[in-house]
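First up is the structure itself, then whatever we jot down about it.
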Amino acid sequence: MIFLTLEHILTHISFSIFSIVITIYLMNLLVHEIVGLYDSSEKGMVATFLCITGLLVIRWIYSGHLPLSDLYESLMFLSWSLSIIHMVPYFRNHKKNNLNAITTPSAIFTQGFATSGLLTEMHKSTILVPALQSQWLMMHVSMMVLSYAALLCGSLLSVAILVITFRENIDIFVKHKNNNFKIGPFSFSKTQYGNAISNVLRNHSFISFRNYHRYQLIQQLDCWGCRVISIGFIFLTIGILSGAVWANEAWGSYWNWDPKETWAFITWTIFAIYLHTRTNENSRTNENLQGSNSAIVASMGFLIIWICYFGVNLLGIGLHSYGSFALPSN
């Protein structure tokens, strides 16, 4: 009873801190950024990470197994993994990083869904089904969830690259069209013509300055996305290999083309294509094309991950049906 009470307290505290952190980020977006608020939000993320860590440890103690046996526990572990990804660059250089715009909302939405009424019956820890009573549970499931967290963050960074690039192309087109409209008429007087030319030059210098910062932002997002996806790809590979060994011990076969296994293989293939495309883009001399094709592949991977992790669970079929919404009957 004490453990359950502590778990509920830590869950509400972590979710409340998440909400406060999101509010601080929105305030920084709407008004001028305040350094003190940013530092407070980062400390709030650290406090949230500690709360979720305590929650998982408590659940581990009174359940007797790693809390990764159902959808609720895996979602909480996913939120914990997103918090880790958020804090690594902060503790490394103590500077603002672009990952916080991805990891913080992802973590709060994940935990919010886990603590919602849809998964209420899973909040209480149960005895593991026979298929999960293995030492491979910690290795396989933890690697898979960590890979999902890293790949989701990297995919969202790639989506941000596509959005920024798309808006940049639209702005260049609109500015070019407006400038042609302003300079085109020959009925201007000399003074009007000189003022028009100076305004165009001033606008172009402003556009170039802004495009330079956009270029820097795109390069930074692309760099972070590639690093995070590379780490997630390694975790995913380890998770699939360990799962194959576990499947051979439990079911007598390394691979059964179960829906979960099939979509895990599709996910692995998509991000293998991303890494291959990203490597080829680095060898190109045209910098304007760098990161575009790989960002499209990673954006497709974002949907594939959710199908693999969440969509298959909605069906509740296959050898991995214990992770569905319905509680196992045995």
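In the structure tokens, chains take the letters A, B, ... in the order shown, each chain's residues start at 1, and ligands count up from 1 in the order shown.
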Residue contacts of stretch 141-145 of chain A (6 Å, only C-alpha atoms) excluding same-chain residues fewer than 6 positions away, as a list in words = Leu78, Phe235, Leu236 and Gly239 of chain A
Excluding same-chain residues fewer than 3 positions from A:Asp222, what lies within 8 Å of it counting only C-alpha atoms, as number ranges by chain?
-> A: 157-158, 161, 218-219, 225-226, 291
Would you give me, as a Markdown table, each residue of stretch 208-293 of chain A having an atom within 12 Å of an atom of stretch 305-314 of chain A, along with its shortest atom pair and that distance in Å to one decimal, using only C-alpha atoms and sorting by chain and residue number?
| residue | atom | partner | partner_atom | distance |
| --- | --- | --- | --- | --- |
| A:Gly232 | CA | A:Ile305 | CA | 11.5 |
| A:Phe233 | CA | A:Ile305 | CA | 11.9 |
| A:Leu236 | CA | A:Ile305 | CA | 11.0 |
| A:Asp258 | CA | A:Val312 | CA | 10.1 |
| A:Pro259 | CA | A:Val312 | CA | 6.8 |
| A:Lys260 | CA | A:Cys308 | CA | 6.2 |
| A:Glu261 | CA | A:Cys308 | CA | 8.5 |
| A:Thr262 | CA | A:Cys308 | CA | 8.5 |
| A:Trp263 | CA | A:Cys308 | CA | 5.1 |
| A:Ala264 | CA | A:Cys308 | CA | 6.0 |
| A:Phe265 | CA | A:Cys308 | CA | 9.3 |
| A:Ile266 | CA | A:Cys308 | CA | 8.6 |
| A:Thr267 | CA | A:Ile305 | CA | 6.3 |
| A:Trp268 | CA | A:Ile305 | CA | 9.5 |
| A:Thr269 | CA | A:Ile305 | CA | 11.5 |
| A:Ile270 | CA | A:Ile305 | CA | 9.8 |
| A:Phe271 | CA | A:Ile305 | CA | 10.2 |
Tell me, which residues of stretch 52-161 of chain A carry DSSP helix (DSSP H, G or I), written as a PyMOL selection string?
-> chain A and resi 52-63+71-93+100-114+117-122+130-132+136-161
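Here the question is which of A:Leu217, A:Leu275, A:Leu66, A:Ile9 gets nearest to A:Met138 using only C-alpha atoms, and that residue is A:Leu66.
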